[in-house]
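**Q** Once you've had a glance at the structure underneath, I'll fire off some questions.
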Amino acid sequence: MFLPVFVALILASKVSARPLTKRYVNSTNPFEPLTFKSDGTFQISIFEDLHFGENAWDQWGPQQDINSVKVVNQILEAESPGLVVLNGDLITGENTYLENSTSYVDLIVGPLLDRGLTWASTYGNHDYDFNISGNAILAREKLWPNSRTTQMVFDEEAGVSNYYIPVYENECADQSCTPELLLWFFDSRGGFRYQQKDDTGNRVGQPNWVDGSVVNWFLQTNAEFVSQYNKIIPSLAFVHIPTYASYVFQQGGVDPHAEPGINDDFPLAPQAQGWCADGRNDGSCEYGKQDYPFMQAISAVPGLMAAFSGHDHGNSWCYKWNSTLPNIPVAPRNDVNLCFSQHSGYGGYGNWERGSRQIFISKTQLENLEIDTWIRLESGNVVGSISLNATYGEDRYPATNNSMTHCPTCDYTST
């Protein structure tokens, strides 16, 4: 039963993405380094929490995936990214089989391939389970030349999707040039260890924070960039699970006009949730503080303008971390903005309208470490359009309408 359904899904992903007049024009050649466009701009589209592969044995599981493909197509018809970021939980790994768990990657990237777009991924907690792993997903991604996802940290506990991508001036795209922008990708891991069970036959949990080896690599590599080019290079970061700093900020209250976005996942689920400080995850602790080194790093590295997360499907706000937060011994020094994006897939919990956060960067803005961002919804509407500038958090914006959508072809009573 499963194979015909999966083939149908593949065909649906190909048919629904019709060629566009803008095809290739606004995207970077997937075989060459990323560059700003000739007008000095660069755009990123983030798709997160797609959660392909849920309940393939029920009617509604494959239908969710078909509708998620439609979301991606609708967003890409309205936007013109030079890069697509798949920011974690591509697949609901606990629902997949070992033999085909990563095949869903082909469905996810079909609309990108149809448009000649290039992409980069981080992996989330649902991308790690008994039958699926970051390594396996990366291997599947690498079947497609448009993928820029890679692995640069090889410590045993580092996870997989830790790497950077430079973005160059339009007319200078090789390593002899100074990058105009750096994109950092971090693996927050979580989920369960691949093909491992404990003595009682239960899956073995995997730590759900950015590992210390990755933090050290990030700090060292960034310092090398500064030394090599004798300047601070503006940067952005992508990581699936948000840090505890976002949790603490949310507890103090999110202003819908200063930090517009939905705020329904309360309290949100941060890195190191459910772990003890001594490394146990037996349900006896709420938070183990293991993401402190990562928080310290992203709040201190000069030029890091924003870090974008997913994981909490019901949140889509940004806040500027420019002051010490209660119970966190980290003094931020770079005023980094910590942002959620928008639940993109029909898989996963919640019925918030699906969409994609857009990031727009101009070379002029980079001089002041500023970017613009908004959320494009599947309906075509744009919400939460903001400028992450020096006065973000003080500026006033319209509140975001909390719209809902439901899978139009899913029969959840057929289970």
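If you're wondering about the labels, chains in the structure tokens are A, B, ... by order shown, residues count from 1 in each chain, ligands from 1 in order shown.
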Taking only C-alpha atoms into account, produce a table as a Markdown table in which each residue of range 137-215 of chain A with an atom at most 10 Å from an atom of range 357-368 of chain A appears once, together with its shortest atom pair and the distance in Å to one decimal, ordered by chain and rising number.

**A**
| residue | atom | partner | partner_atom | distance |
| --- | --- | --- | --- | --- |
| A:Glu169 | CA | A:Lys363 | CA | 9.0 |
| A:Glu180 | CA | A:Lys363 | CA | 7.8 |
| A:Leu181 | CA | A:Leu366 | CA | 8.4 |

**Q** Taking the backbone alone, and naming residues the way the document does, which bits of range 142-383 of chain A are strand (DSSP E or B) by DSSP, as a ChimeraX atom specification?

**A** /A:147,163-168,181-186,192-197,203-205,235-239,263,273,287,304-309,315,318-320,337-340,343,352,355-362,371-377,382-383

**Q** Excluding Phe294 in chain A and any residue of its chain fewer than 5 positions from it, enumerate the residues within 12 Å of it, using only C-alpha atoms, and give them as JSON, numbers by chain.

**A** {"A": [186, 187, 188, 209, 210, 211, 212, 213, 214, 215, 216, 217, 218, 219, 237, 239, 241, 242, 243, 244, 245, 271, 272, 289, 299, 300, 301, 307, 330, 332]}

**Q** Extract, using only C-alpha atoms, all DNA, RNA and protein residues at most 6 Å from range 112-123 of chain A, discarding same-chain residues fewer than 2 positions from it, and format them as a ChimeraX atom specification.

**A** /A:23-24,27,30,83-88,109-110,127,146-149,161,187

**Q** Write a file of the just-selected residues containing N, CA and C atoms, as a compact mmCIF listing (two decimals), in the first residue's frame.

**A**
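The new file part-v9.txt reads:
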# COMPACT_ATOMS: atom_id res chain seq x y z
N ARG A 23 11.90 31.99 -13.09
CA ARG A 23 12.73 30.83 -12.82
C ARG A 23 14.20 31.12 -13.14
N TYR A 24 15.06 30.81 -12.22
CA TYR A 24 16.50 30.99 -12.31
C TYR A 24 16.96 32.45 -12.20
N SER A 27 17.60 33.43 -8.46
CA SER A 27 18.26 32.44 -7.63
C SER A 27 19.73 32.34 -8.02
N PRO A 30 23.19 26.92 -8.39
CA PRO A 30 23.48 25.98 -7.31
C PRO A 30 24.89 25.41 -7.36
N LEU A 83 18.27 31.85 -1.65
CA LEU A 83 18.55 30.65 -0.87
C LEU A 83 17.30 30.27 -0.10
N VAL A 84 17.02 28.99 -0.03
CA VAL A 84 15.97 28.45 0.83
C VAL A 84 16.64 27.76 2.01
N VAL A 85 16.18 28.05 3.21
CA VAL A 85 16.67 27.36 4.41
C VAL A 85 15.58 26.44 4.92
N LEU A 86 15.90 25.17 5.07
CA LEU A 86 15.01 24.18 5.67
C LEU A 86 15.46 24.04 7.12
N ASN A 87 14.74 24.72 8.03
CA ASN A 87 15.25 24.92 9.38
C ASN A 87 14.72 23.88 10.38
N GLY A 88 14.93 22.63 10.06
CA GLY A 88 14.70 21.58 11.05
C GLY A 88 13.33 20.94 11.02
N VAL A 109 12.16 18.80 -1.50
CA VAL A 109 12.98 19.67 -2.36
C VAL A 109 12.47 19.72 -3.80
N GLY A 110 11.43 18.96 -4.12
CA GLY A 110 10.90 18.98 -5.48
C GLY A 110 10.58 20.38 -5.99
N ASP A 127 14.12 14.85 13.26
CA ASP A 127 14.97 14.29 12.21
C ASP A 127 15.94 13.25 12.76
N ASN A 146 21.75 20.79 -5.88
CA ASN A 146 21.28 22.07 -5.36
C ASN A 146 21.46 22.21 -3.86
N SER A 147 21.74 21.12 -3.18
CA SER A 147 21.88 21.16 -1.72
C SER A 147 23.23 21.74 -1.32
N ARG A 148 23.20 22.70 -0.39
CA ARG A 148 24.43 23.26 0.19
C ARG A 148 24.66 22.76 1.62
N THR A 149 23.78 21.91 2.10
CA THR A 149 23.95 21.37 3.44
C THR A 149 25.22 20.54 3.51
N SER A 161 24.44 18.95 11.11
CA SER A 161 24.25 20.15 10.28
C SER A 161 24.87 21.39 10.93
N ASP A 187 23.25 22.52 14.55
CA ASP A 187 22.44 21.33 14.80
C ASP A 187 22.12 21.27 16.29

**Q** Name the closest residue to Leu388 in chain A among the candidates A:Ile75, A:Met305, A:Cys407, A:Cys285; distances are taken between atoms, counting only C-alpha atoms.

**A**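 Checking each candidate against Leu388 in chain A, we get A:Met305 as the closest.
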